[in-house]
Every structure is written in structure tokens, then in C-alpha cells.
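Text of start.cif, listed as mmCIF, C-alpha atoms:
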```
data_start
#
loop_
_atom_site.label_atom_id
_atom_site.label_comp_id
_atom_site.auth_asym_id
_atom_site.auth_seq_id
_atom_site.Cartn_x
_atom_site.Cartn_y
_atom_site.Cartn_z
CA MET A 1 -60.52 -64.35 102.62
CA ASN A 2 -62.65 -61.27 102.04
CA GLU A 3 -64.26 -60.26 105.34
CA LEU A 4 -67.87 -59.13 105.55
CA THR A 5 -68.69 -55.62 106.67
CA PRO A 6 -71.87 -54.88 108.65
CA GLN A 7 -75.06 -54.31 106.69
CA PRO A 8 -74.56 -50.70 105.50
CA TYR A 9 -78.07 -49.43 106.30
CA GLN A 10 -79.57 -47.69 109.29
CA TYR A 11 -83.31 -47.07 109.43
CA PHE A 12 -84.85 -44.20 111.39
CA SER A 13 -88.52 -43.36 111.98
CA THR A 14 -90.67 -41.25 114.28
CA ALA A 15 -93.69 -43.54 113.84
CA SER A 16 -93.35 -45.28 117.20
CA LEU A 17 -92.76 -42.05 119.15
CA PRO A 18 -95.38 -39.90 120.86
CA VAL A 19 -96.30 -37.00 118.57
CA ALA A 20 -95.01 -34.48 121.11
CA ASP A 21 -91.54 -36.10 121.15
CA ARG A 22 -91.04 -36.69 117.41
CA LEU A 23 -89.43 -33.43 116.36
CA ALA A 24 -87.05 -33.19 119.32
CA THR A 25 -85.92 -36.81 118.93
CA TRP A 26 -85.48 -36.54 115.15
CA ARG A 27 -83.48 -33.33 115.50
CA GLU A 28 -81.21 -34.78 118.17
CA VAL A 29 -80.67 -38.33 116.89
CA PHE A 30 -80.91 -38.15 113.11
CA GLY A 31 -80.26 -34.46 112.53
CA GLN A 32 -77.42 -33.43 114.79
CA LYS A 33 -75.75 -36.76 115.59
CA VAL A 34 -76.08 -38.64 112.29
CA VAL A 35 -76.25 -36.18 109.36
CA HIS A 36 -75.12 -32.98 111.15
CA LEU A 37 -78.15 -30.89 110.21
CA ASP A 38 -80.39 -28.60 112.24
CA ILE A 39 -83.99 -29.57 111.49
CA GLU A 40 -87.19 -27.69 112.19
CA PRO A 41 -90.74 -27.94 110.81
CA ALA A 42 -91.64 -25.52 108.02
CA LYS A 43 -95.32 -25.52 108.93
CA ASP A 44 -97.35 -25.81 112.10
CA ILE A 45 -98.54 -29.39 111.51
CA PRO A 46 -97.74 -32.66 113.32
CA PHE A 47 -94.20 -33.72 112.47
CA HIS A 48 -93.32 -37.10 111.02
CA ALA A 49 -90.21 -38.40 109.28
CA GLU A 50 -88.58 -41.66 108.33
CA GLY A 51 -85.42 -42.40 106.46
CA THR A 52 -82.67 -44.79 105.52
CA LEU A 53 -78.97 -43.99 105.69
CA CYS A 54 -76.40 -46.01 103.78
CA ALA A 55 -72.81 -45.37 104.86
CA LEU A 56 -70.08 -46.72 102.58
CA PRO A 57 -66.31 -46.21 102.84
CA GLY A 58 -65.92 -42.94 100.93
CA ALA A 59 -69.57 -42.18 100.09
CA ALA A 60 -72.98 -42.14 101.74
CA PHE A 61 -76.57 -41.51 100.84
CA SER A 62 -79.86 -41.07 102.63
CA LEU A 63 -83.47 -41.35 101.55
CA VAL A 64 -85.85 -39.43 103.78
CA SER A 65 -89.60 -38.80 103.75
CA ALA A 66 -90.84 -35.98 105.95
CA THR A 67 -93.57 -33.46 106.52
CA PRO A 68 -92.58 -29.88 105.46
CA ILE A 69 -89.19 -29.09 106.99
CA ARG A 70 -86.35 -26.60 106.97
CA VAL A 71 -82.83 -27.96 107.45
CA ALA A 72 -79.66 -25.98 107.97
CA ARG A 73 -75.94 -26.66 107.99
CA THR A 74 -74.60 -24.35 110.69
CA GLN A 75 -70.96 -23.57 111.35
CA LYS A 76 -71.15 -25.46 114.64
CA LEU A 77 -72.43 -28.60 112.92
CA ILE A 78 -69.94 -28.28 110.07
CA SER A 79 -67.11 -28.32 112.60
CA ASN A 80 -68.15 -31.86 113.55
CA ASP A 81 -67.37 -33.19 110.07
CA LYS A 82 -64.10 -35.00 109.57
CA ALA A 83 -63.79 -33.97 105.90
CA ASP A 84 -65.29 -31.45 103.50
CA THR A 85 -68.03 -33.06 101.45
CA LEU A 86 -70.10 -32.40 98.35
CA PHE A 87 -73.82 -33.16 98.47
CA VAL A 88 -76.14 -33.96 95.59
CA VAL A 89 -79.74 -33.37 96.66
CA THR A 90 -82.93 -34.20 94.76
CA ALA A 91 -86.59 -34.44 95.82
CA ASP A 92 -90.04 -35.13 94.46
CA THR A 93 -91.25 -31.61 95.35
CA PRO A 94 -89.62 -28.19 94.83
CA LEU A 95 -86.76 -27.34 97.19
CA GLN A 96 -85.79 -23.88 98.39
CA VAL A 97 -81.99 -23.91 98.66
CA ALA A 98 -79.58 -21.21 99.82
CA GLN A 99 -75.78 -21.17 100.06
CA GLY A 100 -72.99 -18.66 99.56
CA GLY A 101 -75.35 -15.71 99.11
CA LYS A 102 -77.32 -17.51 96.38
CA GLU A 103 -80.92 -18.67 96.61
CA LYS A 104 -82.70 -21.01 94.21
CA VAL A 105 -85.94 -22.94 93.92
CA VAL A 106 -85.00 -26.36 92.57
CA ASP A 107 -87.82 -27.99 90.63
CA ALA A 108 -89.12 -31.42 91.61
CA GLY A 109 -86.88 -34.11 90.15
CA ASP A 110 -83.96 -31.77 89.50
CA ALA A 111 -80.78 -32.10 91.57
CA VAL A 112 -78.56 -29.47 93.15
CA PHE A 113 -74.97 -29.52 94.40
CA VAL A 114 -74.39 -28.18 97.92
CA ARG A 115 -70.98 -27.74 99.54
CA GLY A 116 -70.81 -29.50 102.90
CA GLY A 117 -68.18 -27.17 104.33
CA GLU A 118 -70.27 -24.02 103.92
CA CYS A 119 -73.44 -22.94 105.70
CA SER A 120 -76.62 -23.72 103.78
CA THR A 121 -80.37 -24.09 104.17
CA LEU A 122 -82.96 -26.24 102.43
CA ALA A 123 -86.72 -26.02 102.86
CA THR A 124 -89.83 -27.76 101.55
CA GLU A 125 -93.43 -26.58 101.47
CA ARG A 126 -95.05 -30.02 101.19
CA GLU A 127 -94.42 -33.54 102.41
CA THR A 128 -91.33 -34.59 100.53
CA HIS A 129 -89.17 -37.57 99.62
CA VAL A 130 -85.53 -36.42 99.52
CA THR A 131 -82.48 -38.29 98.24
CA ASN A 132 -79.15 -36.93 99.44
CA ILE A 133 -75.74 -38.24 98.37
CA SER A 134 -72.45 -37.12 99.90
CA VAL A 135 -68.86 -37.77 98.86
CA PRO A 136 -65.57 -36.24 100.10
CA ILE A 137 -64.49 -33.35 97.91
CA ASP A 138 -60.87 -34.56 97.91
CA SER A 139 -61.92 -37.82 96.25
CA LEU A 140 -63.50 -35.91 93.36
CA ALA A 141 -60.65 -33.47 92.74
CA PRO A 142 -58.71 -35.75 90.31
CA MET A 143 -61.82 -36.02 88.10
CA LEU A 144 -63.18 -32.50 88.67
CA PRO A 145 -60.44 -29.85 88.94
CA ARG A 146 -63.08 -27.18 89.74
CA VAL A 147 -65.09 -29.29 92.16
CA GLU A 148 -65.17 -26.50 94.75
CA ASP A 149 -67.11 -24.28 92.33
CA LEU A 150 -70.06 -26.67 91.97
CA SER A 151 -72.08 -25.24 94.87
CA MET A 152 -75.66 -24.36 93.82
CA THR A 153 -75.25 -25.92 90.36
CA VAL A 154 -78.60 -27.40 89.29
CA ILE A 155 -78.83 -30.60 87.22
CA PRO A 156 -82.12 -31.03 85.32
CA LYS A 157 -84.15 -34.19 85.84
CA ARG A 158 -83.93 -34.95 82.10
CA SER A 159 -80.20 -35.58 82.55
CA ASP A 160 -79.34 -39.09 81.41
CA THR A 161 -76.49 -39.26 83.93
CA LEU A 162 -78.72 -38.25 86.84
CA ASP A 163 -81.09 -41.05 85.87
CA LEU A 164 -78.17 -43.51 85.81
CA PHE A 165 -77.04 -42.25 89.21
CA LEU A 166 -80.42 -42.68 90.88
CA GLY A 167 -80.80 -46.08 89.25
CA TYR A 168 -77.48 -47.19 90.71
CA ILE A 169 -78.60 -46.04 94.15
CA ASP A 170 -81.67 -48.24 93.74
CA LEU A 171 -79.32 -51.12 92.97
CA VAL A 172 -77.28 -50.55 96.14
CA ARG A 173 -80.48 -50.18 98.17
CA GLY A 174 -81.26 -53.76 97.22
CA TRP A 175 -78.48 -55.04 99.46
CA GLN A 176 -80.20 -56.64 102.43
CA GLU A 177 -77.33 -58.50 104.07
CA ALA A 178 -73.80 -57.81 105.18
CA VAL A 179 -71.52 -57.27 102.20
CA SER A 180 -67.83 -57.73 101.59
CA ALA A 181 -65.41 -54.88 102.20
CA ASP A 182 -64.40 -55.04 98.54
CA LEU A 183 -68.00 -54.65 97.41
CA SER A 184 -68.56 -51.69 99.74
CA HIS A 185 -65.44 -49.93 98.45
CA MET A 186 -66.44 -50.67 94.85
CA ALA A 187 -69.94 -49.22 95.33
CA ALA A 188 -68.51 -46.07 96.92
CA SER A 189 -66.06 -45.68 94.03
CA HIS A 190 -68.91 -46.09 91.55
CA LEU A 191 -70.92 -43.40 93.32
CA ARG A 192 -67.97 -41.00 93.14
CA ASP A 193 -67.61 -41.70 89.40
CA LEU A 194 -71.30 -40.96 88.92
CA VAL A 195 -71.17 -37.72 90.94
CA ALA A 196 -68.30 -36.59 88.70
CA ALA A 197 -70.31 -37.52 85.62
CA ILE A 198 -73.35 -35.59 86.87
CA ALA A 199 -71.15 -32.53 87.40
CA ARG A 200 -70.18 -32.72 83.73
CA THR A 201 -73.79 -32.66 82.52
CA GLY A 202 -73.96 -30.60 79.34
CA GLU A 203 -70.34 -31.25 78.42
CA PRO A 204 -69.40 -33.59 75.56
CA THR A 205 -69.17 -37.20 76.74
CA THR A 206 -65.61 -38.49 76.76
CA THR A 207 -64.42 -42.06 76.30
CA ALA A 208 -62.46 -41.80 79.54
CA MET A 209 -65.60 -40.88 81.49
CA GLU A 210 -67.75 -43.57 79.85
CA ASN A 211 -65.09 -46.14 80.76
CA ARG A 212 -65.05 -45.21 84.44
CA PRO A 213 -66.16 -48.27 86.46
CA GLY A 214 -69.07 -46.42 88.03
CA ILE A 215 -70.45 -45.31 84.68
CA ARG A 216 -70.12 -48.81 83.26
CA ALA A 217 -71.87 -50.34 86.27
CA ALA A 218 -74.74 -47.84 86.11
CA ARG A 219 -75.09 -48.25 82.35
CA LEU A 220 -75.23 -52.03 82.68
CA ARG A 221 -77.82 -51.79 85.43
CA GLY A 222 -79.97 -49.58 83.18
CA ILE A 223 -79.57 -51.92 80.22
CA LYS A 224 -80.57 -54.94 82.29
CA ALA A 225 -83.63 -53.10 83.58
CA THR A 226 -84.65 -52.26 80.00
CA ILE A 227 -84.17 -55.89 78.97
CA GLU A 228 -86.33 -57.10 81.88
CA SER A 229 -89.14 -54.75 80.84
CA GLN A 230 -89.06 -56.08 77.26
CA LEU A 231 -88.37 -59.79 77.76
CA SER A 232 -91.77 -60.79 76.41
CA GLU A 233 -91.02 -59.11 73.06
CA PRO A 234 -89.66 -61.69 70.57
CA SER A 235 -88.14 -58.83 68.54
CA LEU A 236 -85.97 -57.65 71.45
CA SER A 237 -82.58 -56.80 69.92
CA LEU A 238 -79.20 -55.45 70.83
CA HIS A 239 -79.66 -52.43 68.55
CA ASP A 240 -83.03 -51.53 70.10
CA ILE A 241 -81.71 -51.79 73.65
CA ALA A 242 -78.67 -49.67 72.75
CA ALA A 243 -80.86 -47.02 71.13
CA SER A 244 -83.24 -46.83 74.10
CA ASN A 245 -80.26 -46.27 76.42
CA GLY A 246 -78.61 -43.69 74.15
CA ILE A 247 -75.41 -45.68 73.57
CA SER A 248 -73.90 -47.73 70.76
CA PRO A 249 -74.49 -51.48 70.25
CA ARG A 250 -70.73 -51.94 70.43
CA TYR A 251 -70.61 -50.37 73.89
CA VAL A 252 -73.49 -52.58 75.08
CA GLY A 253 -71.61 -55.64 73.85
CA LYS A 254 -68.48 -54.49 75.65
CA LEU A 255 -70.36 -54.11 78.95
CA PHE A 256 -71.58 -57.70 78.77
CA ARG A 257 -68.17 -59.01 77.72
CA ASN A 258 -66.74 -57.39 80.85
CA GLU A 259 -69.06 -59.74 82.77
CA GLU A 260 -67.81 -62.69 80.69
CA THR A 261 -71.11 -63.13 78.88
CA THR A 262 -72.89 -61.76 75.82
CA PHE A 263 -76.08 -59.81 75.26
CA SER A 264 -77.74 -62.85 73.68
CA ASP A 265 -76.73 -65.22 76.46
CA PHE A 266 -77.97 -62.79 79.12
CA VAL A 267 -81.35 -62.38 77.41
CA LEU A 268 -81.70 -66.14 76.99
CA GLY A 269 -80.85 -66.72 80.65
CA ARG A 270 -83.42 -64.17 81.83
CA ARG A 271 -86.12 -65.62 79.55
CA LEU A 272 -85.48 -69.12 80.83
CA HIS A 273 -85.52 -67.86 84.42
CA ARG A 274 -88.87 -66.18 83.83
CA ALA A 275 -90.19 -69.36 82.22
CA CYS A 276 -89.27 -71.27 85.38
CA GLN A 277 -91.17 -68.74 87.47
CA LEU A 278 -94.28 -69.11 85.32
CA LEU A 279 -94.07 -72.91 85.32
CA ARG A 280 -93.94 -72.91 89.14
CA HIS A 281 -96.67 -70.31 89.64
CA ARG A 282 -100.15 -71.44 90.60
CA GLU A 283 -101.79 -68.77 88.42
CA HIS A 284 -100.21 -70.30 85.30
CA ALA A 285 -100.98 -73.93 86.13
CA ALA A 286 -103.47 -74.12 83.25
CA SER A 287 -101.17 -72.41 80.72
CA THR A 288 -99.74 -74.60 77.98
CA ILE A 289 -95.99 -74.89 77.56
CA ALA A 290 -96.34 -72.95 74.32
CA ALA A 291 -98.16 -70.12 76.11
CA VAL A 292 -95.37 -69.93 78.71
CA ALA A 293 -92.73 -69.88 75.99
CA TYR A 294 -94.42 -67.08 74.08
CA ALA A 295 -95.02 -65.07 77.27
CA CYS A 296 -91.25 -65.11 77.85
CA GLY A 297 -90.37 -63.87 74.36
CA PHE A 298 -89.61 -67.18 72.66
CA GLY A 299 -90.99 -67.15 69.13
CA ASP A 300 -90.09 -70.78 68.42
CA LEU A 301 -91.44 -73.51 70.69
CA SER A 302 -88.89 -76.11 69.62
CA TYR A 303 -86.05 -73.68 70.36
CA PHE A 304 -87.54 -73.01 73.81
CA ASN A 305 -87.81 -76.73 74.59
CA ARG A 306 -84.27 -77.38 73.37
CA THR A 307 -82.61 -74.54 75.30
CA PHE A 308 -84.65 -75.26 78.43
CA ARG A 309 -83.56 -78.89 78.47
CA ARG A 310 -79.97 -77.92 77.83
CA ARG A 311 -80.02 -75.49 80.79
CA TYR A 312 -82.00 -77.55 83.35
CA ASP A 313 -81.50 -81.11 82.13
CA MET A 314 -85.26 -81.68 81.91
CA THR A 315 -88.14 -80.60 79.72
CA PRO A 316 -90.44 -77.71 80.71
CA SER A 317 -93.22 -80.22 81.41
CA GLU A 318 -90.96 -82.27 83.65
CA TYR A 319 -89.82 -79.11 85.44
CA ARG A 320 -93.43 -78.11 86.12
CA GLU A 321 -94.35 -81.57 87.40
CA ASP A 322 -91.27 -81.68 89.63
CA ALA A 323 -91.98 -78.21 91.02
CA TRP A 324 -95.59 -79.06 91.88
CA ARG A 325 -94.64 -82.43 93.35
CA ASN A 326 -92.10 -80.79 95.66
CA ARG A 327 -94.60 -78.10 96.63
CA TRP A 328 -96.84 -80.66 98.34
CA LYS A 329 -94.16 -82.76 100.02
#
```

Just give me the structure of the file as C-alpha cells.
Amino acid sequence: MNELTPQPYQYFSTASLPVADRLATWREVFGQKVVHLDIEPAKDIPFHAEGTLCALPGAAFSLVSATPIRVARTQKLISNDKADTLFVVTADTPLQVAQGGKEKVVDAGDAVFVRGGECSTLATERETHVTNISVPIDSLAPMLPRVEDLSMTVIPKRSDTLDLFLGYIDLVRGWQEAVSADLSHMAASHLRDLVAAIARTGEPTTTAMENRPGIRAARLRGIKATIESQLSEPSLSLHDIAASNGISPRYVGKLFRNEETTFSDFVLGRRLHRACQLLRHREHAASTIAAVAYACGFGDLSYFNRTFRRRYDMTPSEYREDAWRNRWK
């Protein structure tokens, strides 16, 4: 039996603290004890910060919002780490980053690699939302022989792989309950695959890299998100979805086959699910069955009725009546 691990998130905030105590508490609890960073305000304004930390077995990430700050990895704090790590940092405002005698201003939305085992500083001039991902360097070495040379490498926000990476983090953030140990290990492995893929930005894409489990999972998440945004379009097609995600229709089909389904079956299932939502919703009580069908991307009413009955063993009208009857019980 696969045991559950504790919910992987910790939430921190200064909101409930007296203004005078916020900086000192954040520096001591979140900065030095949790993420091993020295934190100080970059401007003489009231300090506020809040953030979420997700710790997985072999990877971690944090999402922090804060007033202008300067953070530093000092040698004393580095000595508290159990393993050398590689960080990927991105923010919605420019970041001033320094490490190894190099200094760079990283544009908003771009990402930068920072070596965890070397002293570094990072500063912001405005209130900022920062995403920081860390993975052990040793776990990346088999995929990235020159992983130790990545420090201060900047990845542009237009990078397709960076977008996949951040999208996968959004997926993991959706976990609200305790998860299985297997799932936690899988997510961490996927994050390591994606960090390796980001490091190869600009290099020709290889079949081996595209077939890494983390890349496949992130690709599939992106494809499903695109499908959801276009469900109401009757012309939604495999070729269009593949083109919008920059991959081949064959690869899209392979990703769905790995989940023991097909592109068409997935789209049909999501359209029927959305139809159920509309049929139950008070705002659509006056909508005809045809209007609901067309709003969900069905171009043929008889096909909608037939597939709905096959899936739910009742007609759309019966489903709506049953849903409203149960609502008032």
C-alpha cells in the first residue's frame, strides 16, 4: 500500500505581525531557518512578505511576494546546506543578481541560474513576485555534464521550455491534500527533467530529452490547458493543438496514448463535463439543450444527445431535471 506523505506546502506571511516585528521575524524564520538566505529591505518602506514553500524529495520551489528586498547567500548560511544545489530564479520585475564576480540585471519574466554552493546576492527595486526552484546538482549531472558552469546563465522568457516548467509548477501547486510518496518522487523527478531542459535552451531538441518523463508531463499539461481554452470551438483539431504547442500531431497522440486514451476521447470527455456544469448552473437554467451543446463545442445536437446518454445513462434534459431536483432536497 502506497503511504501518504504530508501535504508538501508551508505558507508564511508577515500580515498578522506588528509592522515593527515583520522584518526580523521573516529574516529569522523564513530566511535563515527555512531557505538559508540573509534578507534585508532594499528601501526604507514598511516591510511585508508572504510566500509558499513546496518541499519534495529531491526538489523544492518557493513562490514569494515581497516589498523591495536584497537577499544574500553567505558562506555561513551555505554551510548549513546538506547538498550543493542549483537554483532557477524568475520574477515579474527586474532582478539584480551577482555571483562569482559577475553582475547582471535579469529582465522581468526571464530566469537565471544561481549556484547554491557559492555566495550570491539578489535585489529588487519594486514589490516583486519571485519563483525560485532548487534541485541538487548531483541529480542533474547525468543529464548535464557541465551543470556546474550554469551559474549566471539567463534564460529568456520567450523560452518554450521555461513556459512548460512554470506551467508544471502551477500544476503541482494545485495539490491541496497529502499525496502519495510515489507522486511526490515523480513530481520531483519531473522538475529535475525540466531544469535540465531549461539549461539546454537554444540547443537542438533531442528525442531523448523530449521523451523524459518530466518533459512529457509538462507538455501534456500544456496541451490540456490549450484544449480547455478552445473547447467551445467546434473546429478544435489535433493538428491545431499540436501547432499551437510547437510539436507534431504524432507526439500529441503519443502523449495521450501513454495515458491510455486518445486526443478525441479526451476532448469529448471534457466537453461532456463542461456540458454537465452548464446544465447544473443556475445562470444557464433558461438555456436550451441545443445552446448548451453548442457552447461546449458540439456542432451536431443529435451527436451530443447520443454521446451524453451513452456516458451518463440519461438524456441532457433528464440530467438537468435530476440536478435541480437534488439541489432542493

Could you please determine the separation between CA of Leu63 (chain A) and CA of Gly51 (chain A) in Å, to one decimal place?
-> 5.4 Å

Quick one: of A:Phe165, A:Phe308, A:Phe263, A:Trp324, who's nearest to Tyr251 (chain A), counting all atoms listed in the file?
->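 When distances to Tyr251 (chain A) are compared using all atoms listed in the file, the smallest one comes from A:Phe263.
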
Residues selected by the PyMOL selection byres ((chain A and resi 119) around 6), written as a compact mmCIF listing (two decimals) with C-alpha atoms, in the frame of the given file:
```
# COMPACT_ATOMS: atom_id res chain seq x y z
CA ARG A 73 -75.94 -26.66 107.99
CA THR A 74 -74.60 -24.35 110.69
CA GLU A 118 -70.27 -24.02 103.92
CA SER A 120 -76.62 -23.72 103.78
```

Go through the shown structure with the PyMOL selection byres ((chain A and resi 155) around 10) and write out the matching residues as a list of chain:residue names.
-> A:Val88, A:Val89, A:Thr90, A:Val106, A:Asp107, A:Gly109, A:Asp110, A:Ala111, A:Val112, A:Phe113, A:Met152, A:Thr153, A:Val154, A:Pro156, A:Lys157, A:Arg158, A:Ser159, A:Thr161, A:Leu162, A:Ile198, A:Ala199, A:Arg200, A:Thr201, A:Gly202

When you draw a straight line from CA of Gly214 (chain A) to CA of Pro145 (chain A), how long is it in Å?
-> 18.7 Å

Ser62 (chain A) surroundings by all atoms listed in the file, 7 Å radius, close-in-sequence under 3 positions cut, as a PDB file with C-alpha atoms, in the frame of the given file:
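And here is the file that came out, part.pdb:
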```
ATOM      1  CA  GLY A  51     -85.420 -42.400 106.460  1.00  0.00           C
ATOM      2  CA  THR A  52     -82.670 -44.790 105.520  1.00  0.00           C
ATOM      3  CA  LEU A  53     -78.970 -43.990 105.690  1.00  0.00           C
ATOM      4  CA  CYS A  54     -76.400 -46.010 103.780  1.00  0.00           C
ATOM      5  CA  THR A 131     -82.480 -38.290  98.240  1.00  0.00           C
ATOM      6  CA  ASN A 132     -79.150 -36.930  99.440  1.00  0.00           C
ATOM      7  CA  ILE A 133     -75.740 -38.240  98.370  1.00  0.00           C
TER       8      ILE A 133
END
```

Within 10 Å of region 296-302 of chain A using only C-alpha atoms, minus same-chain residues under 6 positions, as a list of chain:residue names =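 Everything that qualifies: A:Gln230, A:Leu231, A:Ser232, A:Glu233, A:Pro234, A:Ser235, A:Leu236, A:Val267, A:Leu268, A:Arg270, A:Arg271, A:Leu272, A:His273, A:Arg274, A:Ala275, A:Cys276, A:Leu278, A:Ile289, A:Ala290, A:Phe308.
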
Those same residues, written as a PDB file, in the coordinates of the input with C-alpha atoms?
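New file part.pdb:
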```pdb
ATOM      1  CA  GLN A 230     -89.060 -56.080  77.260  1.00  0.00           C
ATOM      2  CA  LEU A 231     -88.370 -59.790  77.760  1.00  0.00           C
ATOM      3  CA  SER A 232     -91.770 -60.790  76.410  1.00  0.00           C
ATOM      4  CA  GLU A 233     -91.020 -59.110  73.060  1.00  0.00           C
ATOM      5  CA  PRO A 234     -89.660 -61.690  70.570  1.00  0.00           C
ATOM      6  CA  SER A 235     -88.140 -58.830  68.540  1.00  0.00           C
ATOM      7  CA  LEU A 236     -85.970 -57.650  71.450  1.00  0.00           C
ATOM      8  CA  VAL A 267     -81.350 -62.380  77.410  1.00  0.00           C
ATOM      9  CA  LEU A 268     -81.700 -66.140  76.990  1.00  0.00           C
ATOM     10  CA  ARG A 270     -83.420 -64.170  81.830  1.00  0.00           C
ATOM     11  CA  ARG A 271     -86.120 -65.620  79.550  1.00  0.00           C
ATOM     12  CA  LEU A 272     -85.480 -69.120  80.830  1.00  0.00           C
ATOM     13  CA  HIS A 273     -85.520 -67.860  84.420  1.00  0.00           C
ATOM     14  CA  ARG A 274     -88.870 -66.180  83.830  1.00  0.00           C
ATOM     15  CA  ALA A 275     -90.190 -69.360  82.220  1.00  0.00           C
ATOM     16  CA  CYS A 276     -89.270 -71.270  85.380  1.00  0.00           C
ATOM     17  CA  LEU A 278     -94.280 -69.110  85.320  1.00  0.00           C
ATOM     18  CA  ILE A 289     -95.990 -74.890  77.560  1.00  0.00           C
ATOM     19  CA  ALA A 290     -96.340 -72.950  74.320  1.00  0.00           C
ATOM     20  CA  PHE A 308     -84.650 -75.260  78.430  1.00  0.00           C
TER      21      PHE A 308
END
```

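Of the listed residues A:Gly58, A:Asp92, A:Ala187, A:Ser79, the one whose atoms come nearest to Pro136 (chain A) is A:Gly58, with distances taken using all atoms listed in the file.
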
Would you write out, as a count of residues only, every residue that the PyMOL selection byres ((chain A and resi 55) around 12) captures in this file?
-> 31

Take CA of Ala293 (chain A) and CA of Leu255 (chain A) and report the distance between them in Å, one decimal.
->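 Between CA of Ala293 (chain A) and CA of Leu255 (chain A) the gap is 27.5 Å.
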
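Among the candidates A:Leu86, A:Leu77, A:Ala181, A:Ala123, the residue lying nearest to Asp149 (chain A) is A:Leu86 (atoms considered: only C-alpha atoms).
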
Which polymer residues have any atom within 7 Å of an atom of Thr121 (chain A), counting only C-alpha atoms, with same-chain residues fewer than 2 positions away left out, as a ChimeraX atom specification?
-> /A:71-73,97-99,123

Nearest to Asp138 (chain A) among A:Lys254, A:Arg282, A:Pro68, A:Thr85, with distances taken over only C-alpha atoms: which residue is it?
-> A:Thr85

Point out the residue among A:Leu17, A:Ala197, A:Leu122, A:Val130 with the least atom-to-atom distance to Ala66 (chain A), counting only C-alpha atoms.
->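 Of all the options, A:Val130 lies closest to Ala66 (chain A).
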
Let me have the centre and edge lengths in Å, one decimal, of the box along x, y and z around every listed atom of region 27-38 of chain A with 5 Å of margin on each side, as lines of an AutoDock Vina configuration file.
```
center_x = -79.3
center_y = -33.6
center_z = 113.8
size_x = 18.4
size_y = 20.0
size_z = 18.8
```

Which of A:Ser244, A:Pro204, A:Ala20, A:Ala196 sits closest to Phe87 (chain A) [using only C-alpha atoms] =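 The answer is A:Ala196, which sits nearest to Phe87 (chain A).
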